[in-house]
file input-v2.json (JSON, C-alpha atoms)
[["chain", "number", "residue", "atom", "x", "y", "z"],
["A", 1, "MET", "CA", 85.55, 108.11, 97.89],
["A", 2, "ALA", "CA", 87.54, 105.89, 100.20],
["A", 3, "ALA", "CA", 86.85, 102.15, 100.23],
["A", 4, "ALA", "CA", 84.92, 100.89, 103.25],
["A", 5, "GLN", "CA", 87.08, 99.60, 106.09],
["A", 6, "PRO", "CA", 87.04, 95.80, 106.33],
["A", 7, "ARG", "CA", 85.17, 94.41, 109.29],
["A", 8, "PRO", "CA", 87.27, 92.90, 112.08],
["A", 9, "ALA", "CA", 85.72, 89.50, 111.44],
["A", 10, "ARG", "CA", 87.15, 89.32, 107.93],
["A", 11, "LEU", "CA", 90.56, 90.35, 109.15],
["A", 12, "LYS", "CA", 90.48, 87.80, 111.89],
["A", 13, "ALA", "CA", 89.57, 85.18, 109.33],
["A", 14, "ALA", "CA", 92.54, 86.20, 107.20],
["A", 15, "VAL", "CA", 94.85, 86.03, 110.20],
["A", 16, "HIS", "CA", 93.38, 82.68, 111.14],
["A", 17, "TYR", "CA", 94.08, 81.32, 107.68],
["A", 18, "THR", "CA", 97.68, 82.52, 107.69],
["A", 19, "VAL", "CA", 98.24, 81.20, 111.19],
["A", 20, "GLY", "CA", 96.84, 77.87, 110.04],
["A", 21, "CYS", "CA", 99.32, 77.74, 107.17],
["A", 22, "LEU", "CA", 102.26, 78.60, 109.39],
["A", 23, "CYS", "CA", 101.23, 76.04, 112.01],
["A", 24, "GLN", "CA", 100.95, 73.41, 109.30],
["A", 25, "GLU", "CA", 104.59, 74.04, 108.42],
["A", 26, "VAL", "CA", 105.64, 73.76, 112.04],
["A", 27, "ALA", "CA", 103.54, 70.61, 112.43],
["A", 28, "GLU", "CA", 105.34, 68.95, 109.53],
["A", 29, "ASP", "CA", 108.67, 70.14, 110.79],
["A", 30, "LYS", "CA", 108.18, 68.76, 114.29],
["A", 31, "ASP", "CA", 106.00, 65.83, 113.36],
["A", 32, "VAL", "CA", 103.07, 66.83, 115.58],
["A", 33, "GLN", "CA", 99.45, 67.77, 115.14],
["A", 34, "PHE", "CA", 97.74, 70.97, 116.17],
["A", 35, "SER", "CA", 94.16, 70.79, 117.35],
["A", 36, "LYS", "CA", 91.73, 73.25, 115.75],
["A", 37, "GLN", "CA", 91.29, 75.01, 119.06],
["A", 38, "THR", "CA", 95.05, 75.50, 119.25],
["A", 39, "ILE", "CA", 95.14, 77.19, 115.86],
["A", 40, "ALA", "CA", 92.23, 79.38, 116.92],
["A", 41, "ALA", "CA", 93.99, 80.28, 120.17],
["A", 42, "ILE", "CA", 97.26, 81.19, 118.45],
["A", 43, "SER", "CA", 95.31, 83.20, 115.91],
["A", 44, "GLU", "CA", 93.56, 85.18, 118.64],
["A", 45, "ILE", "CA", 96.83, 85.80, 120.46],
["A", 46, "THR", "CA", 98.52, 86.99, 117.26],
["A", 47, "PHE", "CA", 95.67, 89.37, 116.54],
["A", 48, "ARG", "CA", 95.96, 90.89, 120.00],
["A", 49, "GLN", "CA", 99.74, 90.95, 119.88],
["A", 50, "CYS", "CA", 99.52, 93.13, 116.81],
["A", 51, "GLY", "CA", 97.68, 95.70, 118.90],
["A", 52, "VAL", "CA", 100.30, 95.47, 121.60],
["A", 53, "PHE", "CA", 103.08, 96.04, 119.08],
["A", 54, "LEU", "CA", 101.31, 99.13, 117.85],
["A", 55, "ILE", "CA", 100.73, 100.58, 121.29],
["A", 56, "LEU", "CA", 104.46, 100.27, 121.87],
["A", 57, "CYS", "CA", 105.14, 101.96, 118.54],
["A", 58, "ARG", "CA", 102.81, 104.79, 119.40],
["A", 59, "HIS", "CA", 105.02, 105.73, 122.32],
["A", 60, "ALA", "CA", 107.27, 107.49, 119.88],
["A", 61, "LYS", "CA", 104.54, 110.15, 119.47],
["A", 62, "ARG", "CA", 105.14, 110.44, 115.76],
["A", 63, "SER", "CA", 102.25, 109.95, 113.39],
["A", 64, "THR", "CA", 103.94, 107.39, 111.17],
["A", 65, "VAL", "CA", 105.36, 104.08, 112.34],
["A", 66, "THR", "CA", 108.79, 103.49, 110.83],
["A", 67, "THR", "CA", 111.12, 100.51, 110.55],
["A", 68, "GLU", "CA", 113.07, 101.85, 113.52],
["A", 69, "ASP", "CA", 109.96, 101.51, 115.68],
["A", 70, "VAL", "CA", 109.44, 97.93, 114.54],
["A", 71, "LYS", "CA", 113.07, 97.15, 115.33],
["A", 72, "LEU", "CA", 112.57, 98.42, 118.87],
["A", 73, "LEU", "CA", 109.87, 95.79, 119.34],
["A", 74, "ALA", "CA", 112.45, 93.10, 118.78],
["A", 75, "ARG", "CA", 114.98, 94.36, 121.29],
["A", 76, "ARG", "CA", 114.09, 91.91, 124.06],
["A", 77, "SER", "CA", 115.56, 88.97, 122.24],
["A", 78, "SER", "CA", 119.02, 89.38, 120.74],
["A", 79, "CYS", "CA", 118.58, 86.78, 118.02],
["A", 80, "LEU", "CA", 115.17, 88.18, 117.08],
["A", 81, "LEU", "CA", 116.67, 91.66, 116.94],
["A", 82, "LYS", "CA", 119.48, 90.39, 114.72],
["A", 83, "TYR", "CA", 116.99, 88.69, 112.39],
["A", 84, "ILE", "CA", 114.74, 91.74, 112.13],
["A", 85, "THR", "CA", 117.69, 94.07, 111.61],
["A", 86, "GLU", "CA", 118.93, 91.86, 108.77],
["A", 87, "LYS", "CA", 115.48, 91.92, 107.19],
["A", 88, "SER", "CA", 115.25, 95.70, 107.43],
["A", 89, "GLU", "CA", 118.69, 96.04, 105.83],
["A", 90, "GLU", "CA", 117.52, 93.76, 103.02],
["A", 91, "LEU", "CA", 114.51, 96.04, 102.51],
["A", 92, "ALA", "CA", 116.67, 99.17, 102.53],
["A", 93, "LEU", "CA", 119.02, 97.59, 100.00],
["A", 94, "ASN", "CA", 116.09, 96.58, 97.84],
["A", 95, "ASN", "CA", 114.74, 100.13, 97.95],
["A", 96, "MET", "CA", 118.10, 101.55, 96.89],
["A", 97, "GLU", "CA", 118.29, 99.11, 94.00],
["A", 98, "GLN", "CA", 114.79, 100.09, 92.86],
["A", 99, "LYS", "CA", 115.76, 103.76, 92.95],
["A", 100, "GLU", "CA", 118.93, 103.06, 90.97],
["A", 101, "LYS", "CA", 116.93, 101.23, 88.33],
["A", 102, "LYS", "CA", 114.50, 104.13, 88.01],
["A", 103, "LYS", "CA", 117.32, 106.65, 87.74],
["A", 104, "LYS", "CA", 119.06, 104.67, 85.02],
["A", 105, "LYS", "CA", 115.84, 104.25, 83.09],
["A", 106, "SER", "CA", 114.90, 107.93, 83.14],
["A", 107, "SER", "CA", 118.40, 109.17, 82.25],
["A", 108, "ALA", "CA", 118.62, 106.67, 79.38],
["A", 109, "VAL", "CA", 115.31, 107.98, 78.03],
["A", 110, "LYS", "CA", 116.60, 111.58, 78.20],
["A", 111, "GLU", "CA", 119.78, 110.63, 76.30],
["A", 112, "GLY", "CA", 117.70, 108.83, 73.69],
["A", 113, "ARG", "CA", 115.62, 111.93, 72.97],
["A", 114, "THR", "CA", 118.61, 114.31, 72.71],
["A", 115, "SER", "CA", 120.59, 112.11, 70.29],
["A", 116, "GLY", "CA", 117.47, 111.77, 68.13],
["A", 117, "GLU", "CA", 117.28, 115.52, 67.75],
["A", 118, "HIS", "CA", 120.95, 115.78, 66.72],
["A", 119, "GLU", "CA", 120.35, 113.28, 63.91],
["A", 120, "ALA", "CA", 123.06, 110.98, 65.27],
["A", 121, "ALA", "CA", 123.00, 107.52, 63.74],
["A", 122, "VAL", "CA", 122.14, 105.82, 66.99],
["A", 123, "THR", "CA", 119.55, 103.15, 66.37],
["A", 124, "GLU", "CA", 118.61, 102.80, 70.04],
["A", 125, "SER", "CA", 117.19, 106.32, 70.11],
["A", 126, "GLU", "CA", 114.41, 105.23, 67.79],
["A", 127, "ASP", "CA", 112.94, 103.22, 70.63],
["A", 128, "TYR", "CA", 112.58, 106.38, 72.70],
["A", 129, "ASN", "CA", 111.31, 108.73, 69.98],
["A", 130, "MET", "CA", 107.89, 110.08, 70.73],
["A", 131, "ALA", "CA", 105.43, 109.64, 67.91],
["B", 1, "MET", "CA", 101.33, 90.81, 98.16],
["B", 2, "GLU", "CA", 98.16, 89.61, 99.80],
["B", 3, "ARG", "CA", 99.70, 89.09, 103.22],
["B", 4, "GLU", "CA", 101.17, 92.55, 103.20],
["B", 5, "GLU", "CA", 97.76, 94.04, 102.57],
["B", 6, "THR", "CA", 96.25, 92.04, 105.40],
["B", 7, "VAL", "CA", 98.92, 93.27, 107.77],
["B", 8, "GLY", "CA", 98.30, 96.81, 106.59],
["B", 9, "ARG", "CA", 94.60, 96.51, 107.28],
["B", 10, "LEU", "CA", 95.24, 94.81, 110.58],
["B", 11, "LEU", "CA", 97.34, 97.73, 111.67],
["B", 12, "HIS", "CA", 94.78, 100.24, 110.44],
["B", 13, "LEU", "CA", 92.16, 98.47, 112.47],
["B", 14, "HIS", "CA", 94.14, 98.88, 115.63],
["B", 15, "PHE", "CA", 94.72, 102.56, 114.98],
["B", 16, "ARG", "CA", 91.10, 103.51, 115.29],
["B", 17, "ASP", "CA", 91.80, 107.21, 115.67],
["B", 18, "GLY", "CA", 93.08, 107.27, 112.10],
["B", 19, "ARG", "CA", 95.96, 109.53, 113.02],
["B", 20, "THR", "CA", 98.73, 106.97, 112.98],
["B", 21, "ARG", "CA", 100.03, 105.38, 109.80],
["B", 22, "VAL", "CA", 102.63, 102.75, 109.01],
["B", 23, "ASN", "CA", 105.17, 103.22, 106.24],
["B", 24, "GLY", "CA", 105.62, 100.51, 103.59],
["B", 25, "ASP", "CA", 108.85, 99.02, 104.87],
["B", 26, "ALA", "CA", 107.61, 99.04, 108.44],
["B", 27, "GLN", "CA", 104.60, 97.03, 107.27],
["B", 28, "LEU", "CA", 106.82, 94.38, 105.71],
["B", 29, "LEU", "CA", 108.97, 94.29, 108.79],
["B", 30, "MET", "CA", 105.92, 94.01, 111.02],
["B", 31, "MET", "CA", 104.77, 91.09, 108.91],
["B", 32, "GLU", "CA", 108.11, 89.39, 109.55],
["B", 33, "MET", "CA", 107.70, 89.97, 113.27],
["B", 34, "LEU", "CA", 104.24, 88.42, 113.22],
["B", 35, "ASN", "CA", 105.49, 85.48, 111.17],
["B", 36, "VAL", "CA", 108.21, 84.83, 113.71],
["B", 37, "PHE", "CA", 105.73, 85.29, 116.54],
["B", 38, "VAL", "CA", 103.33, 82.70, 115.15],
["B", 39, "ARG", "CA", 106.05, 80.18, 114.37],
["B", 40, "GLU", "CA", 107.64, 80.62, 117.77],
["B", 41, "THR", "CA", 104.33, 80.17, 119.56],
["B", 42, "ALA", "CA", 103.55, 77.06, 117.55],
["B", 43, "ALA", "CA", 107.04, 75.61, 118.00],
["B", 44, "ARG", "CA", 107.13, 76.21, 121.75],
["B", 45, "ALA", "CA", 103.67, 74.72, 122.21],
["B", 46, "ALA", "CA", 104.74, 71.72, 120.15],
["B", 47, "ARG", "CA", 107.85, 71.25, 122.28],
["B", 48, "GLN", "CA", 105.70, 71.45, 125.41],
["B", 49, "ALA", "CA", 103.36, 68.75, 124.10],
["B", 50, "GLN", "CA", 106.31, 66.58, 123.14],
["B", 51, "ALA", "CA", 107.82, 67.03, 126.60],
["B", 52, "GLU", "CA", 104.58, 65.58, 127.93],
["B", 53, "ASP", "CA", 104.92, 62.66, 125.52],
["B", 54, "LEU", "CA", 101.97, 63.79, 123.44],
["B", 55, "GLY", "CA", 101.73, 63.92, 119.66],
["B", 56, "LYS", "CA", 98.88, 66.40, 119.61],
["B", 57, "VAL", "CA", 99.22, 70.03, 120.62],
["B", 58, "ASP", "CA", 96.29, 71.42, 122.58],
["B", 59, "VAL", "CA", 95.32, 74.82, 123.97],
["B", 60, "GLU", "CA", 96.74, 73.96, 127.37],
["B", 61, "HIS", "CA", 100.20, 73.70, 125.80],
["B", 62, "VAL", "CA", 99.83, 77.13, 124.31],
["B", 63, "GLU", "CA", 98.70, 78.42, 127.70],
["B", 64, "LYS", "CA", 101.78, 76.99, 129.34],
["B", 65, "VAL", "CA", 104.24, 78.62, 126.96],
["B", 66, "LEU", "CA", 102.40, 81.94, 126.65],
["B", 67, "PRO", "CA", 103.80, 83.80, 129.70],
["B", 68, "GLN", "CA", 107.43, 83.31, 128.71],
["B", 69, "LEU", "CA", 106.60, 84.01, 125.08],
["B", 70, "LEU", "CA", 105.07, 87.38, 125.91],
["B", 71, "LEU", "CA", 108.09, 88.26, 128.02],
["B", 72, "ASP", "CA", 110.41, 87.37, 125.17],
["B", 73, "PHE", "CA", 108.47, 89.46, 122.71]]
call {"tool": "encode", "arguments": {"input": "input-v2.json", "output": "structure tokens"}}
result
Amino acid sequence: MAAAQPRPARLKAAVHYTVGCLCQEVAEDKDVQFSKQTIAAISEITFRQCGVFLILCRHAKRSTVTTEDVKLLARRSSCLLKYITEKSEELALNNMEQKEKKKKKSSAVKEGRTSGEHEAAVTESEDYNMA
Amino acid sequence: MEREETVGRLLHLHFRDGRTRVNGDAQLLMMEMLNVFVRETAARAARQAQAEDLGKVDVEHVEKVLPQLLLDF
């Protein structure tokens, strides 16, 4: 049974909190203060902007939003596009590294089992022997 | 990551028809976009307030920078 969808109010509260944290950083950086209403306003705008982003993504008529769609959102500003492209490359690289790790792990386990069967004096294989 | 989950739910909320989904990486990337968006809004509003010789940023400053911000995004 699927978990109940969170109510918009809770989500808005979460966004509000995050926006508050980010604004605090900017406030310290620029040595200014943000009024509570300002944080609330930015929070509301961000919430709506999320919807706008998604409507733009939907134009692709696919059912799943991909990183390419998100990159398209950034195309209006060249430095934003550059930043987002860098981030997506970081993610892709990270994914590749994760896959490599998994491959190495599973092939090492296979080798461990085979050498155990051939009674080779390889101590490492003992770690992989199934009880 | 808590923030990632929030973004995921945020996006789900906007896709009420339930047909559209967002893949994992796209969620992380979207989170970056929103981070930048928030920081940019806050920074521009702050600059506007400072240009008016004020130390406190109010809603009117956000209102002033909003049009250009939405064009840039």
call {"tool": "residues_around", "arguments": {"input": "input-v2.json", "residues": "range 47-62 of chain B", "least_positions_apart": "3", "cutoff": "9 Å", "atoms": "all atoms listed in the file", "output": "PyMOL selection string"}}
result
(chain A and resi 30-42) or (chain B and resi 41-44+65-66)
call {"tool": "write_last_selection", "arguments": {"input": "input-v2.json", "atoms": "C-alpha atoms", "output": "CSV table (one decimal), in the coordinates of the input"}}
result
chain,number,residue,atom,x,y,z
A,30,LYS,CA,108.2,68.8,114.3
A,31,ASP,CA,106.0,65.8,113.4
A,32,VAL,CA,103.1,66.8,115.6
A,33,GLN,CA,99.4,67.8,115.1
A,34,PHE,CA,97.7,71.0,116.2
A,35,SER,CA,94.2,70.8,117.4
A,36,LYS,CA,91.7,73.2,115.8
A,37,GLN,CA,91.3,75.0,119.1
A,38,THR,CA,95.0,75.5,119.2
A,39,ILE,CA,95.1,77.2,115.9
A,40,ALA,CA,92.2,79.4,116.9
A,41,ALA,CA,94.0,80.3,120.2
A,42,ILE,CA,97.3,81.2,118.4
B,41,THR,CA,104.3,80.2,119.6
B,42,ALA,CA,103.6,77.1,117.6
B,43,ALA,CA,107.0,75.6,118.0
B,44,ARG,CA,107.1,76.2,121.8
B,65,VAL,CA,104.2,78.6,127.0
B,66,LEU,CA,102.4,81.9,126.6
call {"tool": "atom_distance", "arguments": {"input": "input-v2.json", "atom1": "CA of Arg75 in chain A", "atom2": "CA of Gly51 in chain A"}}
result
17.5 Å
call {"tool": "closest_atom_pairs", "arguments": {"input": "input-v2.json", "of": "chain A", "to": "chain B", "cutoff": "9 Å", "atoms": "all atoms listed in the file", "output": "CSV"}}
result
residue,atom,partner,partner_atom,distance
A:Gln5,CA,B:Arg9,CA,8.2
A:Pro6,CA,B:Arg9,CA,7.7
A:Arg7,CA,B:Leu13,CA,8.7
A:Pro8,CA,B:Leu13,CA,7.4
A:Leu11,CA,B:Leu10,CA,6.6
A:Lys12,CA,B:Leu10,CA,8.6
A:Ala14,CA,B:Thr6,CA,7.1
A:Val15,CA,B:Thr6,CA,7.8
A:Thr18,CA,B:Arg3,CA,8.2
A:Val19,CA,B:Val38,CA,6.6
A:Leu22,CA,B:Arg39,CA,6.5
A:Cys23,CA,B:Ala42,CA,6.1
A:Glu25,CA,B:Arg39,CA,8.7
A:Val26,CA,B:Ala43,CA,6.4
A:Ala27,CA,B:Ala46,CA,7.9
A:Lys30,CA,B:Ala46,CA,7.4
A:Asp31,CA,B:Gly55,CA,7.8
A:Val32,CA,B:Gly55,CA,5.2
A:Gln33,CA,B:Lys56,CA,4.7
A:Phe34,CA,B:Val57,CA,4.8
A:Ser35,CA,B:Asp58,CA,5.7
A:Lys36,CA,B:Asp58,CA,8.4
A:Gln37,CA,B:Val59,CA,6.4
A:Thr38,CA,B:Val59,CA,4.8
A:Ile39,CA,B:Val59,CA,8.5
A:Ala40,CA,B:Val59,CA,8.9
A:Ala41,CA,B:Val59,CA,6.8
A:Ile42,CA,B:Val38,CA,7.1
A:Ser43,CA,B:Val38,CA,8.1
A:Ile45,CA,B:Val38,CA,8.9
A:Thr46,CA,B:Val38,CA,6.8
A:Phe47,CA,B:Leu10,CA,8.1
A:Gln49,CA,B:Leu34,CA,8.4
A:Cys50,CA,B:Leu11,CA,7.2
A:Gly51,CA,B:His14,CA,5.8
A:Phe53,CA,B:Met30,CA,8.8
A:Leu54,CA,B:Leu11,CA,7.5
A:Ile55,CA,B:His14,CA,8.9
A:Arg58,CA,B:Thr20,CA,7.9
A:Arg62,CA,B:Thr20,CA,7.8
A:Ser63,CA,B:Thr20,CA,4.6
A:Thr64,CA,B:Arg21,CA,4.6
A:Val65,CA,B:Val22,CA,4.5
A:Thr66,CA,B:Ala26,CA,5.2
A:Thr67,CA,B:Ala26,CA,4.4
A:Glu68,CA,B:Ala26,CA,8.0
A:Asp69,CA,B:Ala26,CA,8.0
A:Val70,CA,B:Met30,CA,6.3
A:Lys71,CA,B:Leu29,CA,8.2
A:Leu73,CA,B:Phe73,CA,7.3
A:Ala74,CA,B:Phe73,CA,6.7
A:Arg75,CA,B:Phe73,CA,8.3
A:Arg76,CA,B:Asp72,CA,5.9
A:Ser77,CA,B:Asp72,CA,6.1
A:Leu80,CA,B:Val36,CA,8.4
A:Ile84,CA,B:Leu29,CA,7.1
A:Lys87,CA,B:Leu29,CA,7.1
A:Ser88,CA,B:Leu29,CA,6.6
A:Leu91,CA,B:Asp25,CA,6.8
A:Ala92,CA,B:Asp25,CA,8.2
call {"tool": "atom_distance", "arguments": {"input": "input-v2.json", "atom1": "CA of Ala9 in chain A", "atom2": "CA of Val52 in chain A"}}
result
18.7 Å
call {"tool": "decode", "arguments": {"input": "input-v2.json", "residues": "range 45-67 of chain B", "atoms": "N, CA, C and O atoms", "output": "mmCIF file, in the first residue's frame"}}
result
data_model
loop_
_atom_site.group_PDB
_atom_site.id
_atom_site.type_symbol
_atom_site.label_atom_id
_atom_site.label_comp_id
_atom_site.auth_asym_id
_atom_site.auth_seq_id
_atom_site.Cartn_x
_atom_site.Cartn_y
_atom_site.Cartn_z
ATOM 1 N N ALA B 45 17.690 40.865 -4.337
ATOM 2 C CA ALA B 45 16.856 41.689 -3.455
ATOM 3 C C ALA B 45 17.736 42.455 -2.469
ATOM 4 O O ALA B 45 17.499 43.647 -2.195
ATOM 5 N N ALA B 46 18.759 41.771 -1.981
ATOM 6 C CA ALA B 46 19.690 42.417 -1.042
ATOM 7 C C ALA B 46 20.407 43.583 -1.707
ATOM 8 O O ALA B 46 20.538 44.668 -1.135
ATOM 9 N N ARG B 47 20.861 43.348 -2.945
ATOM 10 C CA ARG B 47 21.557 44.409 -3.685
ATOM 11 C C ARG B 47 20.638 45.601 -3.908
ATOM 12 O O ARG B 47 21.058 46.755 -3.838
ATOM 13 N N GLN B 48 19.356 45.308 -4.181
ATOM 14 C CA GLN B 48 18.378 46.369 -4.400
ATOM 15 C C GLN B 48 18.216 47.198 -3.132
ATOM 16 O O GLN B 48 18.217 48.435 -3.174
ATOM 17 N N ALA B 49 18.102 46.522 -2.001
ATOM 18 C CA ALA B 49 17.950 47.224 -0.720
ATOM 19 C C ALA B 49 19.183 48.079 -0.447
ATOM 20 O O ALA B 49 19.079 49.236 -0.018
ATOM 21 N N GLN B 50 20.345 47.505 -0.724
ATOM 22 C CA GLN B 50 21.593 48.236 -0.479
ATOM 23 C C GLN B 50 21.709 49.448 -1.392
ATOM 24 O O GLN B 50 22.212 50.502 -0.976
ATOM 25 N N ALA B 51 21.219 49.317 -2.622
ATOM 26 C CA ALA B 51 21.229 50.443 -3.551
ATOM 27 C C ALA B 51 20.354 51.581 -3.042
ATOM 28 O O ALA B 51 20.580 52.750 -3.375
ATOM 29 N N GLU B 52 19.357 51.213 -2.219
ATOM 30 C CA GLU B 52 18.489 52.236 -1.635
ATOM 31 C C GLU B 52 18.986 52.639 -0.255
ATOM 32 O O GLU B 52 18.252 53.254 0.526
ATOM 33 N N ASP B 53 20.215 52.272 0.048
ATOM 34 C CA ASP B 53 20.845 52.609 1.333
ATOM 35 C C ASP B 53 20.119 52.022 2.537
ATOM 36 O O ASP B 53 20.067 52.635 3.603
ATOM 37 N N LEU B 54 19.548 50.840 2.348
ATOM 38 C CA LEU B 54 18.850 50.187 3.451
ATOM 39 C C LEU B 54 19.589 48.923 3.869
ATOM 40 O O LEU B 54 20.196 48.248 3.041
ATOM 41 N N GLY B 55 19.536 48.614 5.156
ATOM 42 C CA GLY B 55 20.198 47.416 5.659
ATOM 43 C C GLY B 55 19.239 46.249 5.807
ATOM 44 O O GLY B 55 19.636 45.119 6.072
ATOM 45 N N LYS B 56 17.951 46.542 5.607
ATOM 46 C CA LYS B 56 16.957 45.477 5.746
ATOM 47 C C LYS B 56 16.225 45.261 4.427
ATOM 48 O O LYS B 56 15.762 46.217 3.794
ATOM 49 N N VAL B 57 16.142 44.000 4.032
ATOM 50 C CA VAL B 57 15.506 43.651 2.770
ATOM 51 C C VAL B 57 14.027 43.378 3.003
ATOM 52 O O VAL B 57 13.668 42.561 3.862
ATOM 53 N N ASP B 58 13.178 44.091 2.269
ATOM 54 C CA ASP B 58 11.737 43.898 2.415
ATOM 55 C C ASP B 58 11.104 43.381 1.134
ATOM 56 O O ASP B 58 11.759 43.318 0.078
ATOM 57 N N VAL B 59 9.825 43.041 1.224
ATOM 58 C CA VAL B 59 9.128 42.431 0.093
ATOM 59 C C VAL B 59 9.196 43.306 -1.153
ATOM 60 O O VAL B 59 9.323 42.815 -2.270
ATOM 61 N N GLU B 60 9.161 44.616 -0.951
ATOM 62 C CA GLU B 60 9.188 45.517 -2.108
ATOM 63 C C GLU B 60 10.468 45.341 -2.923
ATOM 64 O O GLU B 60 10.468 45.514 -4.144
ATOM 65 N N HIS B 61 11.556 44.976 -2.243
ATOM 66 C CA HIS B 61 12.821 44.770 -2.962
ATOM 67 C C HIS B 61 12.750 43.505 -3.794
ATOM 68 O O HIS B 61 13.272 43.453 -4.914
ATOM 69 N N VAL B 62 12.110 42.504 -3.249
ATOM 70 C CA VAL B 62 11.908 41.270 -4.000
ATOM 71 C C VAL B 62 11.032 41.561 -5.215
ATOM 72 O O VAL B 62 11.316 41.118 -6.328
ATOM 73 N N GLU B 63 9.988 42.366 -4.990
ATOM 74 C CA GLU B 63 9.075 42.700 -6.091
ATOM 75 C C GLU B 63 9.806 43.408 -7.213
ATOM 76 O O GLU B 63 9.532 43.187 -8.388
ATOM 77 N N LYS B 64 10.753 44.265 -6.829
ATOM 78 C CA LYS B 64 11.466 45.027 -7.855
ATOM 79 C C LYS B 64 12.363 44.141 -8.709
ATOM 80 O O LYS B 64 12.523 44.378 -9.906
ATOM 81 N N VAL B 65 12.979 43.149 -8.097
ATOM 82 C CA VAL B 65 13.924 42.325 -8.849
ATOM 83 C C VAL B 65 13.259 41.136 -9.536
ATOM 84 O O VAL B 65 13.857 40.474 -10.378
ATOM 85 N N LEU B 66 12.015 40.869 -9.163
ATOM 86 C CA LEU B 66 11.333 39.667 -9.677
ATOM 87 C C LEU B 66 11.183 39.595 -11.194
ATOM 88 O O LEU B 66 11.496 38.569 -11.786
ATOM 89 N N PRO B 67 10.725 40.658 -11.858
ATOM 90 C CA PRO B 67 10.544 40.577 -13.328
ATOM 91 C C PRO B 67 11.799 40.122 -14.063
ATOM 92 O O PRO B 67 11.744 39.161 -14.842
#
